[in-house]
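Data block for run02.cif (mmCIF, C-alpha atoms):
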```
data_work
loop_
_atom_site.label_atom_id
_atom_site.label_comp_id
_atom_site.auth_asym_id
_atom_site.auth_seq_id
_atom_site.Cartn_x
_atom_site.Cartn_y
_atom_site.Cartn_z
CA MET A 125 -209.85 34.52 54.40
CA HIS A 126 -210.85 36.28 51.17
CA SER A 127 -214.55 35.38 51.48
CA PHE A 128 -216.37 36.49 48.29
CA ILE A 129 -213.34 38.39 46.93
CA PRO A 130 -211.36 36.66 44.16
CA PRO A 131 -208.08 35.63 45.83
CA GLU A 132 -205.96 37.36 43.19
CA ARG A 133 -207.76 40.62 44.05
CA PHE A 134 -207.39 40.31 47.85
CA PHE A 135 -204.83 42.88 49.05
CA PRO A 136 -203.65 40.95 52.17
CA TYR A 137 -202.55 38.01 50.02
CA LEU A 138 -199.85 40.20 48.45
CA THR A 139 -196.33 40.30 49.88
CA TRP A 140 -194.52 43.53 50.63
CA THR A 141 -192.20 42.80 47.71
CA ASP A 142 -195.23 42.35 45.42
CA ILE A 143 -196.37 45.83 46.44
CA GLN A 144 -192.92 47.35 46.16
CA ALA A 145 -192.55 46.04 42.59
CA MET A 146 -196.10 46.88 41.50
CA PRO A 147 -196.11 49.12 38.41
CA ASN A 148 -198.28 52.22 38.00
CA LYS A 149 -199.23 52.25 41.69
CA GLU A 150 -200.68 55.75 41.43
CA ASN A 151 -203.52 54.34 39.32
CA VAL A 152 -204.12 51.06 41.14
CA VAL A 153 -207.59 51.13 42.74
CA ILE A 154 -207.63 50.10 46.39
CA ILE A 155 -211.11 49.42 47.80
CA GLN A 156 -212.00 49.44 51.48
CA PRO A 157 -215.41 47.83 52.13
CA VAL A 158 -217.01 49.38 55.22
CA GLY A 159 -220.02 47.75 56.85
CA ALA A 160 -221.56 47.42 60.29
CA ILE A 161 -222.53 44.87 62.90
CA GLU A 162 -226.05 45.94 63.82
CA GLN A 163 -229.58 44.65 64.19
CA HIS A 164 -231.57 43.99 61.03
CA GLY A 165 -234.85 42.80 62.48
CA PRO A 166 -235.70 39.30 63.71
CA HIS A 167 -235.05 37.65 60.33
CA LEU A 168 -231.62 38.94 59.25
CA PRO A 169 -228.18 38.54 60.86
CA LEU A 170 -226.18 41.41 62.30
CA ILE A 171 -223.66 41.15 59.45
CA VAL A 172 -226.01 42.38 56.69
CA ASP A 173 -224.23 45.60 55.68
CA ALA A 174 -220.77 44.05 55.68
CA ALA A 175 -222.03 40.97 53.82
CA ILE A 176 -223.72 43.05 51.12
CA GLY A 177 -220.61 45.15 50.60
CA VAL A 178 -218.19 42.26 50.25
CA GLY A 179 -220.70 40.21 48.25
CA VAL A 180 -221.27 42.99 45.72
CA LEU A 181 -217.56 43.82 45.54
CA GLY A 182 -216.63 40.18 45.03
CA GLU A 183 -219.03 39.88 42.09
CA ALA A 184 -217.75 43.14 40.60
CA LEU A 185 -214.10 42.11 40.86
CA LYS A 186 -214.88 38.78 39.19
CA LYS A 187 -216.33 40.68 36.22
CA LEU A 188 -213.70 43.42 36.08
CA ASP A 189 -211.26 43.24 33.18
CA ALA A 190 -208.05 41.59 34.38
CA SER A 191 -206.01 44.44 32.91
CA ILE A 192 -207.43 46.90 35.48
CA PRO A 193 -205.47 46.68 38.74
CA ALA A 194 -207.90 46.76 41.67
CA TYR A 195 -207.62 45.19 45.11
CA ALA A 196 -209.98 44.76 48.05
CA LEU A 197 -208.83 45.42 51.59
CA PRO A 198 -210.29 43.31 54.41
CA THR A 199 -213.79 44.45 55.28
CA LEU A 200 -214.11 46.92 58.13
CA TYR A 201 -216.99 45.19 59.90
CA TYR A 202 -217.69 47.69 62.67
CA GLY A 203 -219.21 51.08 61.91
CA LYS A 204 -221.08 53.93 63.53
CA SER A 205 -224.32 52.18 64.43
CA ASN A 206 -225.54 53.91 67.58
CA GLU A 207 -228.96 54.57 66.03
CA HIS A 208 -229.51 50.80 66.48
CA TRP A 209 -227.90 50.26 69.87
CA HIS A 210 -231.21 49.84 71.70
CA PHE A 211 -231.42 46.43 70.00
CA PRO A 212 -229.17 43.71 71.49
CA GLY A 213 -226.18 42.64 69.41
CA THR A 214 -225.45 45.96 67.76
CA ILE A 215 -221.78 46.92 68.05
CA THR A 216 -220.90 50.54 67.35
CA LEU A 217 -217.83 52.69 67.02
CA SER A 218 -217.96 56.38 67.81
CA THR A 219 -217.69 58.91 65.00
CA GLU A 220 -214.22 59.77 66.29
CA THR A 221 -213.01 56.15 66.33
CA LEU A 222 -214.36 55.37 62.88
CA THR A 223 -212.87 58.57 61.47
CA ALA A 224 -209.48 57.82 63.03
CA THR A 225 -209.57 54.26 61.67
CA ILE A 226 -210.32 55.45 58.13
CA MET A 227 -207.66 58.16 58.35
CA GLU A 228 -204.93 55.84 59.60
CA MET A 229 -205.80 53.09 57.11
CA GLY A 230 -205.76 55.69 54.32
CA GLU A 231 -202.41 57.07 55.41
CA SER A 232 -200.96 53.54 55.34
CA ILE A 233 -202.24 53.01 51.80
CA TYR A 234 -200.76 56.36 50.74
CA ARG A 235 -197.41 55.56 52.36
CA ALA A 236 -197.27 52.33 50.30
CA GLY A 237 -197.40 54.42 47.13
CA PHE A 238 -201.07 54.13 46.18
CA ARG A 239 -203.01 57.23 45.19
CA LYS A 240 -206.57 55.97 44.66
CA LEU A 241 -208.67 54.74 47.57
CA VAL A 242 -212.37 53.85 47.49
CA LEU A 243 -214.37 53.84 50.73
CA MET A 244 -217.15 51.42 49.76
CA ASN A 245 -219.69 52.01 52.51
CA SER A 246 -222.80 49.83 52.85
CA HIS A 247 -224.26 51.26 56.07
CA GLY A 248 -226.73 54.14 55.74
CA GLY A 249 -225.80 55.63 59.10
CA GLN A 250 -222.27 56.71 58.21
CA PRO A 251 -221.89 58.24 54.70
CA GLN A 252 -221.08 61.60 56.28
CA VAL A 253 -218.18 60.07 58.22
CA MET A 254 -216.78 58.62 54.98
CA GLN A 255 -217.15 61.97 53.22
CA MET A 256 -215.38 63.95 55.93
CA ALA A 257 -212.53 61.44 56.26
CA ALA A 258 -212.09 61.36 52.48
CA ARG A 259 -211.90 65.14 52.31
CA ASP A 260 -209.42 65.29 55.19
CA LEU A 261 -207.18 62.69 53.54
CA HIS A 262 -207.18 64.66 50.30
CA VAL A 263 -206.45 67.90 52.14
CA LYS A 264 -203.51 66.26 53.90
CA TYR A 265 -202.19 64.57 50.74
CA GLU A 266 -203.12 66.61 47.70
CA ASP A 267 -202.28 63.87 45.19
CA PHE A 268 -204.42 61.30 47.05
CA LEU A 269 -207.80 60.68 45.39
CA VAL A 270 -210.27 59.26 47.90
CA PHE A 271 -213.80 58.28 46.87
CA PRO A 272 -216.47 58.07 49.62
CA LEU A 273 -219.06 55.94 47.82
CA PHE A 274 -222.27 54.28 49.01
CA THR A 275 -222.68 50.70 47.77
CA TRP A 276 -226.28 51.21 46.61
CA ARG A 277 -225.72 54.51 44.77
CA VAL A 278 -224.23 53.02 41.60
CA PRO A 279 -226.59 52.57 38.64
CA ASN A 280 -228.87 49.61 39.39
CA ILE A 281 -232.43 48.34 38.96
CA THR A 282 -233.30 47.72 42.62
CA LYS A 283 -236.12 50.26 42.95
CA GLU A 284 -237.77 48.89 39.81
CA LEU A 285 -238.27 45.61 41.65
CA LEU A 286 -239.91 47.15 44.72
CA THR A 287 -243.44 48.40 45.37
CA PRO A 288 -243.80 52.20 45.28
CA LYS A 289 -244.27 52.29 49.06
CA GLU A 290 -241.18 50.15 49.66
CA ALA A 291 -239.10 52.20 47.24
CA ALA A 292 -240.11 55.38 49.07
CA GLN A 293 -240.15 54.24 52.71
CA GLY A 294 -238.18 50.99 52.96
CA MET A 295 -234.95 52.03 54.70
CA HIS A 296 -233.68 49.10 56.74
CA ALA A 297 -233.96 45.31 56.61
CA GLY A 298 -236.81 45.50 54.09
CA ASP A 299 -237.35 43.92 50.69
CA ALA A 300 -234.09 44.94 49.00
CA GLU A 301 -231.69 44.00 51.80
CA THR A 302 -233.56 40.77 52.56
CA SER A 303 -233.67 39.76 48.89
CA ILE A 304 -229.96 40.36 48.31
CA MET A 305 -229.14 38.45 51.50
CA LEU A 306 -231.16 35.52 50.11
CA ALA A 307 -228.74 35.63 47.17
CA ILE A 308 -225.55 36.09 49.23
CA LEU A 309 -226.12 34.20 52.53
CA PRO A 310 -229.46 32.39 52.18
CA GLU A 311 -228.79 30.02 55.08
CA GLN A 312 -228.62 33.02 57.45
CA VAL A 313 -232.04 34.44 56.51
CA LYS A 314 -235.09 33.44 58.59
CA MET A 315 -237.98 34.23 56.26
CA ASP A 316 -240.47 32.68 58.68
CA GLN A 317 -239.68 35.60 61.02
CA ALA A 318 -239.80 38.35 58.36
CA VAL A 319 -242.12 41.25 59.14
CA ALA A 320 -243.39 44.43 57.51
CA GLU A 321 -243.16 47.62 59.53
CA TYR A 322 -243.12 51.18 58.23
CA PRO A 323 -242.58 54.44 60.12
CA PRO A 324 -245.72 56.06 61.56
CA GLU A 325 -247.63 58.25 59.16
CA PRO A 326 -246.99 61.99 59.73
CA THR A 327 -249.69 63.70 61.76
CA GLN A 328 -249.44 66.92 59.79
CA SER A 329 -248.07 68.29 56.55
CA SER A 330 -244.39 69.14 56.92
CA LEU A 331 -241.28 69.84 54.90
CA LEU A 332 -239.31 67.64 57.31
CA SER A 333 -238.54 63.97 56.69
CA LEU A 334 -236.68 61.06 58.28
CA GLU A 335 -234.16 61.18 55.46
CA GLY A 336 -233.82 63.58 52.57
CA LYS A 337 -233.19 67.26 52.09
CA LEU A 338 -234.61 68.39 55.45
CA PRO A 339 -234.10 65.48 57.85
CA VAL A 340 -234.80 65.13 61.56
CA SER A 341 -232.47 63.14 63.82
CA TRP A 342 -233.88 59.80 64.96
CA VAL A 343 -232.92 56.40 66.33
CA THR A 344 -234.49 53.18 65.16
CA LYS A 345 -236.58 52.55 68.28
CA ASP A 346 -238.35 55.88 67.63
CA ILE A 347 -239.91 54.52 64.45
CA SER A 348 -239.80 50.70 64.63
CA LYS A 349 -240.52 48.06 67.28
CA SER A 350 -239.11 45.18 65.25
CA GLY A 351 -236.01 46.95 63.94
CA VAL A 352 -237.36 46.63 60.39
CA ILE A 353 -238.21 49.75 58.39
CA GLY A 354 -239.86 48.32 55.29
CA ASP A 355 -241.48 45.10 54.13
CA ALA A 356 -239.25 42.04 54.40
CA THR A 357 -242.08 39.60 53.71
CA THR A 358 -242.04 40.25 49.96
CA ALA A 359 -238.34 39.40 49.52
CA THR A 360 -237.28 36.58 47.20
CA LYS A 361 -233.99 35.05 46.09
CA GLU A 362 -234.94 35.72 42.46
CA LYS A 363 -235.10 39.43 43.20
CA GLY A 364 -231.90 39.17 45.19
CA ASP A 365 -230.03 37.56 42.29
CA ARG A 366 -231.16 40.36 39.99
CA ILE A 367 -230.21 43.04 42.50
CA LEU A 368 -226.77 41.51 43.08
CA GLU A 369 -226.14 41.26 39.35
CA SER A 370 -227.26 44.84 38.73
CA VAL A 371 -225.44 46.50 41.64
CA SER A 372 -222.22 44.61 40.93
CA ASN A 373 -222.41 45.67 37.28
CA GLY A 374 -222.67 49.26 38.48
CA TRP A 375 -219.55 48.77 40.56
CA VAL A 376 -217.61 47.43 37.57
CA GLN A 377 -218.42 50.68 35.79
CA VAL A 378 -217.39 52.81 38.78
CA ILE A 379 -214.08 51.00 39.26
CA GLN A 380 -213.34 51.46 35.56
CA ASP A 381 -214.09 55.19 35.85
CA ILE A 382 -211.84 55.55 38.89
CA TYR A 383 -209.00 53.73 37.18
CA ALA A 384 -209.34 55.99 34.13
CA LEU A 385 -209.43 59.19 36.22
CA ARG A 386 -206.12 61.01 36.47
CA HIS A 387 -205.03 63.41 39.19
CA GLY A 388 -206.08 66.94 38.30
CA ASP A 389 -208.74 65.71 35.88
CA TRP A 390 -211.88 67.21 37.37
CA GLY A 391 -213.90 66.93 34.17
CA VAL A 392 -216.24 64.54 35.93
CA GLY A 393 -220.02 64.48 35.89
CA SER A 394 -221.88 66.69 38.35
CA LYS A 395 -225.19 64.82 38.34
CA ASP A 396 -226.32 63.02 41.47
#
```
As structure tokens, the full file:
Amino acid sequence: MHSFIPPERFFPYLTWTDIQAMPNKENVVIIQPVGAIEQHGPHLPLIVDAAIGVGVLGEALKKLDASIPAYALPTLYYGKSNEHWHFPGTITLSTETLTATIMEMGESIYRAGFRKLVLMNSHGGQPQVMQMAARDLHVKYEDFLVFPLFTWRVPNITKELLTPKEAAQGMHAGDAETSIMLAILPEQVKMDQAVAEYPPEPTQSSLLSLEGKLPVSWVTKDISKSGVIGDATTATKEKGDRILESVSNGWVQVIQDIYALRHGDWGVGSKD
């Protein structure tokens, strides 16, 4: 049941008496992986985002010093994926349902005595939901530190392994996601069906972009026929192994920082 998570770090394997007797609960780091079940082109399975999250977290928890108490909750597989719902197989929650799920899970964790919760989100279509739910939990419980983090935003070398075009425009089911899936679930990747497809070139100069500082709303079918936004054909397991190693190392560092942070200590970095 624990999948890639070390069994001693898997929260559901604890008993209620284990949790009741746990020392220093206010500094124990509880991590909720959040993914999605959505299309990732003809070559990748629907589980990509959830698989990447739990795969990276599992590697990080294996490396984490045993003296740092950190536990993974079961992965929340469904997310807000309606930008992909024109492609069969995508399952989506509404913003309201996902927000309510995060809020009620968080309140349960708080009621058990924990005061540090990480929302480890691997789906690019829902960071804003994580951020709003995290803020609302902290507003409701002032001593509850909630961290809405995106799996890929920790320090890592991924973009160094991609072409400049892929690093700039590859957003979904491209080289990075395909490569890391070759490292995590290689038997579920169909490289013979991998394609390269980028969004149409802009017809005029504009400050607007698909993602970035001045984004426009879009759904996947607006910009991709295959469901891929990037180049999956250049993916390799060797790259995937390096990406997994690098991103999981970044997560070790983040978990350490969260464990060391104390309530009221806002002397944290302000850089993006």
Taking the file as shown, find all residues satisfying the PyMOL selection byres ((chain A and resi 213) around 12) and write them as a PDB file with C-alpha atoms, in the coordinates of the input.
```pdb
ATOM      1  CA  ALA A 160    -221.560  47.420  60.290  1.00  0.00           C
ATOM      2  CA  ILE A 161    -222.530  44.870  62.900  1.00  0.00           C
ATOM      3  CA  GLU A 162    -226.050  45.940  63.820  1.00  0.00           C
ATOM      4  CA  GLN A 163    -229.580  44.650  64.190  1.00  0.00           C
ATOM      5  CA  HIS A 164    -231.570  43.990  61.030  1.00  0.00           C
ATOM      6  CA  GLY A 165    -234.850  42.800  62.480  1.00  0.00           C
ATOM      7  CA  PRO A 166    -235.700  39.300  63.710  1.00  0.00           C
ATOM      8  CA  PRO A 169    -228.180  38.540  60.860  1.00  0.00           C
ATOM      9  CA  LEU A 170    -226.180  41.410  62.300  1.00  0.00           C
ATOM     10  CA  ILE A 171    -223.660  41.150  59.450  1.00  0.00           C
ATOM     11  CA  TYR A 202    -217.690  47.690  62.670  1.00  0.00           C
ATOM     12  CA  SER A 205    -224.320  52.180  64.430  1.00  0.00           C
ATOM     13  CA  ASN A 206    -225.540  53.910  67.580  1.00  0.00           C
ATOM     14  CA  HIS A 208    -229.510  50.800  66.480  1.00  0.00           C
ATOM     15  CA  TRP A 209    -227.900  50.260  69.870  1.00  0.00           C
ATOM     16  CA  HIS A 210    -231.210  49.840  71.700  1.00  0.00           C
ATOM     17  CA  PHE A 211    -231.420  46.430  70.000  1.00  0.00           C
ATOM     18  CA  PRO A 212    -229.170  43.710  71.490  1.00  0.00           C
ATOM     19  CA  THR A 214    -225.450  45.960  67.760  1.00  0.00           C
ATOM     20  CA  ILE A 215    -221.780  46.920  68.050  1.00  0.00           C
ATOM     21  CA  THR A 216    -220.900  50.540  67.350  1.00  0.00           C
TER      22      THR A 216
END
```
List, as a PDB file with C-alpha atoms, in the coordinates of the input, every residue that the PyMOL selection byres ((chain A and resi 130) around 7) selects in the file provided.
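For reference, result26.pdb as written:
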```
ATOM      1  CA  PHE A 128    -216.370  36.490  48.290  1.00  0.00           C
ATOM      2  CA  ILE A 129    -213.340  38.390  46.930  1.00  0.00           C
ATOM      3  CA  PRO A 131    -208.080  35.630  45.830  1.00  0.00           C
ATOM      4  CA  GLU A 132    -205.960  37.360  43.190  1.00  0.00           C
ATOM      5  CA  ARG A 133    -207.760  40.620  44.050  1.00  0.00           C
ATOM      6  CA  PHE A 134    -207.390  40.310  47.850  1.00  0.00           C
ATOM      7  CA  GLY A 182    -216.630  40.180  45.030  1.00  0.00           C
ATOM      8  CA  LEU A 185    -214.100  42.110  40.860  1.00  0.00           C
ATOM      9  CA  LYS A 186    -214.880  38.780  39.190  1.00  0.00           C
TER      10      LYS A 186
END
```
Item to complete: Just give me the gap between CA of Leu309 in chain A and CA of Leu168 in chain A in Å, one decimal is fine.
Response: 9.9 Å
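Taking CA of Glu301 in chain A and CA of Val253 in chain A as the two end points, the separation is 22.0 Å.
Of the residues under consideration (A:Gly230, A:Gly203, A:Gly294, A:Gly159), A:Gly159 shows the shortest atom-to-atom contact distance to Ala175 in chain A when counting only C-alpha atoms.
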Discussion item. Measuring between only C-alpha atoms, which one of A:Leu200, A:Leu331, A:Val371, A:Ala356 shows the shortest distance to His296 in chain A?
Written reply: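 Residue with the minimum atom-to-atom distance to His296 in chain A: A:Ala356.
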Item to complete: For the file shown, report as an MDAnalysis selection string the outcome of the PyMOL selection byres ((chain A and resi 218-224) around 6) at residue level.
Response: chainID A and resid 204 217 225:227 257
Practice prompt. Write out as a ChimeraX atom specification each polymer residue whose atoms come within 12 Å of Pro288 in chain A, counting all atoms listed in the file; drop sequence neighbours fewer than 5 positions from it.
Written response: /A:282-283,293-294,299,354-355
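For the set A:Pro136, A:Pro310, A:Pro193, A:Pro157, the residue with the smallest atom-to-atom gap to Ile379 in chain A is A:Pro193, counting all atoms listed in the file.
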Discussion item. When you count all atoms listed in the file, which of these residues is closest to His167 in chain A: A:Asn151, A:Thr360, A:Ser350, A:Ser191?
Written reply: A:Ser350
Discussion item. Please report the interatomic distance between CA of Ala307 in chain A and CA of His126 in chain A in Å with one decimal.
Written reply: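 Computing it gives 18.3 Å between the two atoms.
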